$ cat input06.txt   # compact mmCIF, C-alpha atoms and all ligand atoms
# COMPACT_ATOMS: atom_id res chain seq x y z
CA MET X 1029 37.69 175.43 3.82
CA THR X 1030 37.06 171.73 3.33
CA LYS X 1031 33.75 170.09 2.39
CA SER X 1032 32.91 169.64 6.06
CA SER X 1033 33.60 173.28 6.88
CA LEU X 1034 31.83 175.28 4.21
CA PRO X 1035 31.41 178.91 5.30
CA LYS X 1036 28.59 180.02 7.57
CA ARG X 1037 29.84 183.37 8.84
CA ILE X 1038 30.49 185.91 6.10
CA ALA X 1039 32.23 189.28 6.36
CA LEU X 1040 30.93 191.85 3.88
CA GLY X 1041 32.39 195.21 2.89
CA SER X 1042 32.15 197.69 0.06
CA ASP X 1043 32.80 201.26 -0.93
CA HIS X 1044 30.07 203.54 -2.32
CA ALA X 1045 30.26 201.90 -5.77
CA GLY X 1046 29.56 198.49 -4.25
CA PHE X 1047 27.12 199.60 -1.57
CA GLU X 1048 23.89 198.67 -3.35
CA LEU X 1049 25.17 195.24 -4.39
CA LYS X 1050 26.49 194.58 -0.89
CA GLU X 1051 23.09 195.34 0.64
CA TRP X 1052 21.33 193.15 -1.93
CA LEU X 1053 23.70 190.21 -1.35
CA LYS X 1054 23.50 190.64 2.43
CA ASN X 1055 19.72 190.31 2.33
CA LEU X 1056 19.84 187.20 0.14
CA LEU X 1057 22.56 185.56 2.21
CA THR X 1058 20.71 186.28 5.45
CA GLU X 1059 17.51 184.81 3.95
CA LYS X 1060 19.48 181.66 3.08
CA GLY X 1061 20.63 181.30 6.70
CA TYR X 1062 24.16 182.67 6.53
CA GLU X 1063 25.37 184.93 9.31
CA CYS X 1064 26.56 188.21 7.77
CA LEU X 1065 28.89 190.67 9.47
CA ASP X 1066 28.69 193.98 7.65
CA PHE X 1067 31.85 196.10 7.86
CA GLY X 1068 30.34 198.99 5.85
CA THR X 1069 30.06 201.28 4.09
CA ASN X 1070 26.57 202.05 5.29
CA ASN X 1071 25.46 204.59 2.71
CA PRO X 1072 26.19 205.54 -0.92
CA LYS X 1073 28.36 208.58 -0.03
CA PRO X 1074 31.83 208.49 -1.65
CA CYS X 1075 34.37 206.71 0.54
CA ASP X 1076 37.65 204.80 0.29
CA TYR X 1077 37.59 201.08 -0.52
CA PRO X 1078 40.76 200.15 1.46
CA ASP X 1079 38.98 201.03 4.72
CA PHE X 1080 36.24 198.44 4.22
CA SER X 1081 38.23 195.86 2.32
CA SER X 1082 40.90 195.70 5.01
CA ALA X 1083 38.27 195.35 7.76
CA VAL X 1084 36.80 192.33 5.95
CA ALA X 1085 40.27 190.89 5.34
CA HIS X 1086 41.17 191.18 9.02
CA ALA X 1087 37.91 189.47 10.05
CA VAL X 1088 38.80 186.53 7.81
CA ALA X 1089 42.50 186.41 8.73
CA SER X 1090 41.60 186.37 12.45
CA LYS X 1091 38.98 183.63 11.81
CA GLU X 1092 36.20 185.82 13.15
CA CYS X 1093 34.53 185.00 9.81
CA ASP X 1094 34.82 181.93 7.57
CA THR X 1095 35.01 183.93 4.38
CA GLY X 1096 34.66 187.48 3.10
CA ILE X 1097 33.19 189.41 0.21
CA VAL X 1098 34.58 192.82 -0.79
CA ILE X 1099 32.95 194.97 -3.44
CA CYS X 1100 33.95 198.15 -5.23
CA GLY X 1101 33.38 199.48 -8.74
CA THR X 1102 35.76 197.12 -10.51
CA GLY X 1103 36.71 194.84 -7.61
CA ILE X 1104 40.34 195.65 -8.37
CA GLY X 1105 41.12 198.15 -5.61
CA SER X 1106 39.32 196.07 -3.00
CA SER X 1107 41.19 192.92 -3.97
CA ILE X 1108 44.57 194.68 -3.95
CA ALA X 1109 43.89 196.10 -0.47
CA ALA X 1110 42.59 192.80 0.95
CA ASN X 1111 45.65 190.97 -0.32
CA LYS X 1112 47.90 193.19 1.80
CA VAL X 1113 46.55 191.50 4.93
CA PHE X 1114 48.66 188.57 6.11
CA GLY X 1115 46.96 185.23 5.47
CA VAL X 1116 44.42 186.58 2.99
CA ARG X 1117 44.05 185.20 -0.51
CA CYS X 1118 41.56 187.48 -2.19
CA ALA X 1119 40.34 186.60 -5.70
CA LEU X 1120 38.55 188.94 -8.08
CA CYS X 1121 35.94 186.77 -9.82
CA TRP X 1122 33.70 187.71 -12.74
CA ASN X 1123 31.92 184.44 -13.55
CA GLU X 1124 31.13 181.05 -12.02
CA TYR X 1125 34.27 179.46 -13.50
CA THR X 1126 36.69 181.92 -11.90
CA ALA X 1127 34.85 181.55 -8.57
CA ARG X 1128 35.06 177.76 -8.74
CA MET X 1129 38.78 177.80 -9.58
CA ALA X 1130 39.56 180.41 -6.93
CA ARG X 1131 38.10 178.11 -4.27
CA SER X 1132 39.07 174.74 -5.65
CA HIS X 1133 42.66 175.50 -6.76
CA ASN X 1134 43.63 178.60 -4.78
CA ASP X 1135 41.66 178.08 -1.56
CA ALA X 1136 40.92 181.81 -1.77
CA ASN X 1137 39.31 183.11 1.41
CA VAL X 1138 38.02 186.51 0.25
CA LEU X 1139 35.94 187.12 -2.88
CA ALA X 1140 36.16 190.46 -4.68
CA LEU X 1141 33.37 191.62 -6.98
CA GLY X 1142 33.13 194.57 -9.36
CA ALA X 1143 29.69 196.11 -9.02
CA ARG X 1144 30.18 198.22 -12.16
CA VAL X 1145 31.32 195.20 -14.16
CA ILE X 1146 28.79 192.47 -13.44
CA GLY X 1147 25.05 192.44 -12.83
CA PHE X 1148 23.38 191.55 -9.55
CA GLU X 1149 22.12 188.16 -10.72
CA LEU X 1150 25.56 187.11 -11.96
CA ALA X 1151 27.07 188.31 -8.68
CA TRP X 1152 24.66 186.02 -6.82
CA GLU X 1153 25.58 183.04 -9.03
CA ILE X 1154 29.26 183.73 -8.32
CA VAL X 1155 28.64 183.98 -4.58
CA LYS X 1156 26.71 180.68 -4.54
CA VAL X 1157 29.53 178.85 -6.35
CA TRP X 1158 32.05 180.48 -4.01
CA LEU X 1159 30.22 179.32 -0.89
CA GLU X 1160 29.54 175.80 -2.15
CA THR X 1161 32.97 174.95 -3.56
CA PRO X 1162 35.49 173.41 -1.19
CA PHE X 1163 39.28 173.47 -1.66
CA SER X 1164 40.29 170.42 -3.70
CA GLU X 1165 43.02 169.43 -1.20
CA ASP X 1166 45.15 168.18 -4.12
CA GLU X 1167 48.83 167.98 -3.24
CA ARG X 1168 49.88 170.14 -6.18
CA HIS X 1169 47.58 172.94 -5.10
CA LYS X 1170 48.67 172.64 -1.47
CA ARG X 1171 52.30 172.87 -2.57
CA ARG X 1172 51.63 176.06 -4.55
CA LEU X 1173 49.74 177.64 -1.67
CA GLU X 1174 52.62 176.78 0.67
CA LYS X 1175 54.89 178.69 -1.72
CA ILE X 1176 52.57 181.71 -1.53
CA SER X 1177 52.64 181.53 2.28
CA ALA X 1178 56.44 181.30 2.27
CA LEU X 1179 56.61 184.31 -0.03
CA GLU X 1180 54.33 186.24 2.31
CA VAL X 1181 56.61 185.51 5.29
CA LEU X 1182 59.72 186.44 3.31
CA GLU X 1183 58.26 189.69 2.02
CA THR X 1184 57.07 190.65 5.52
CA GLU X 1185 60.52 190.01 6.96
CA GLU X 1186 62.11 192.08 4.19
CA ALA X 1187 59.67 194.92 4.76
CA LYS X 1188 60.46 194.88 8.51
CA ALA X 1189 64.19 194.88 7.80
CA GLN X 1190 63.78 198.02 5.70
CA CYS X 1191 62.17 199.95 8.57
C1 LIG A 1201 35.43 204.39 -7.11
O1 LIG A 1201 35.11 205.36 -8.06
C2 LIG A 1201 36.26 203.27 -7.76
O2 LIG A 1201 37.53 203.74 -8.09
C3 LIG A 1201 36.35 202.06 -6.85
O3 LIG A 1201 35.06 201.65 -6.54
C4 LIG A 1201 37.06 200.84 -7.39
O4 LIG A 1201 36.61 200.50 -8.65
C5 LIG A 1201 38.53 200.83 -7.28
O5 LIG A 1201 39.22 199.88 -7.66
$ encode --input "input06.txt" --output "structure tokens"
Amino acid sequence: MTKSSLPKRIALGSDHAGFELKEWLKNLLTEKGYECLDFGTNNPKPCDYPDFSSAVAHAVASKECDTGIVICGTGIGSSIAANKVFGVRCALCWNEYTARMARSHNDANVLALGARVIGFELAWEIVKVWLETPFSEDERHKRRLEKISALEVLETEEAKAQC
């Protein structure tokens, strides 16, 4: 995402532990004029974070959405699952600084939050920084991201060869 293409369409997903925070963020984001696509879960009953995290990741990888937010108890499981989807760079952020760096240096396209780790107000501050920070476009960061993409291709080919 460059300055001229800051996100407008946001994919959201959580497990039961992140459900309440997801609903709260969805309402705020909608109020602010963002278009939110909610991939569930739709109630606080125990469920499995990979199901919702991968749905968000696919929506971002396919460009159906400009960015995504995945939420579970710690944010760890959701971020691991999202990062299995080709083309996704999911970053677990716990303050404004990590959100700013994840966008500016890593051009991360999915944000993971830990609903049992941070409060709602901090989560909102993180989300605002995430949505307002463009990728720096610096050559050194582009080069590093190209290496991540090359690694992704290589690992996928190796995984296919093992089948
Ligand atoms: C659910 O209890 C919890 O394990 C999950 O929300 C998440 O924190 C996993 O990483």
$ axis_aligned_box --input "input06.txt" --around "ligand LIG 1201 (chain A)" --padding-each-side "8 Å" --output "JSON"
{"center_x": 37.1, "center_y": 202.6, "center_z": -7.6, "size_x": 20.2, "size_y": 21.5, "size_z": 18.1}
$ atom_distance --input "input06.txt" --atom1 "CA of Ser1177 (chain X)" --atom2 "CA of Arg1131 (chain X)"
16.3 Å
$ residues_near_ligand --input "input06.txt" --ligand "ligand LIG 1201 (chain A)" --cutoff "7 Å" --atoms "all atoms listed in the file" --output "list in words"
Asp1043, His1044, Ala1045, Gly1046, Tyr1077, Cys1100, Gly1101, Thr1102, Gly1103, Ile1104, Gly1105, Ser1106 and Gly1142 of chain X
$ closest_residue --input "input06.txt" --among "X:Lys1060, X:His1169, X:His1133, X:Arg1144" --to "Lys1156 (chain X)" --atoms "all atoms listed in the file"
X:Lys1060
$ residues_near_point --input "input06.txt" --point "(28.4, 192.9, 9.8)" --cutoff "7 Å" --atoms "only C-alpha atoms" --output "list in words"
Ala1039, Leu1040, Cys1064, Leu1065, Asp1066 and Phe1067 of chain X
$ write_last_selection --input "input06.txt" --atoms "C-alpha atoms" --output "CSV table (one decimal), in the frame of the given file"
chain,number,residue,atom,x,y,z
X,1039,ALA,CA,32.2,189.3,6.4
X,1040,LEU,CA,30.9,191.8,3.9
X,1064,CYS,CA,26.6,188.2,7.8
X,1065,LEU,CA,28.9,190.7,9.5
X,1066,ASP,CA,28.7,194.0,7.6
X,1067,PHE,CA,31.8,196.1,7.9
$ atom_distance --input "input06.txt" --atom1 "CA of Pro1162 (chain X)" --atom2 "CA of Ser1132 (chain X)"
5.9 Å
$ residues_around --input "input06.txt" --residues "Arg1128 (chain X)" --least-positions-apart "5" --cutoff "8 Å" --atoms "only C-alpha atoms" --output "PyMOL selection string"
chain X and resi 1157-1158+1161
$ closest_residue --input "input06.txt" --among "X:Asp1135, X:Glu1048, X:Glu1124, X:Glu1092" --to "Ser1164 (chain X)" --atoms "only C-alpha atoms"
X:Asp1135
$ closest_residue --input "input06.txt" --among "X:Glu1174, X:Glu1153, X:Glu1051, X:Glu1186" --to "Gly1115 (chain X)" --atoms "all atoms listed in the file"
X:Glu1174
$ closest_residue --input "input06.txt" --among "X:Ala1119, X:Ser1081, X:Asp1094, X:Asn1134" --to "Lys1170 (chain X)" --atoms "all atoms listed in the file"
X:Asn1134
$ closest_residue --input "input06.txt" --among "X:Lys1188, X:Lys1073, X:Arg1117, X:His1086" --to "Ala1140 (chain X)" --atoms "all atoms listed in the file"
X:Arg1117
$ closest_residue --input "input06.txt" --among "X:Ser1042, X:Trp1052, X:Cys1093, X:Leu1057" --to "Thr1069 (chain X)" --atoms "only C-alpha atoms"
X:Ser1042
$ atom_distance --input "input06.txt" --atom1 "CA of Ile1097 (chain X)" --atom2 "CA of Thr1126 (chain X)"
14.7 Å
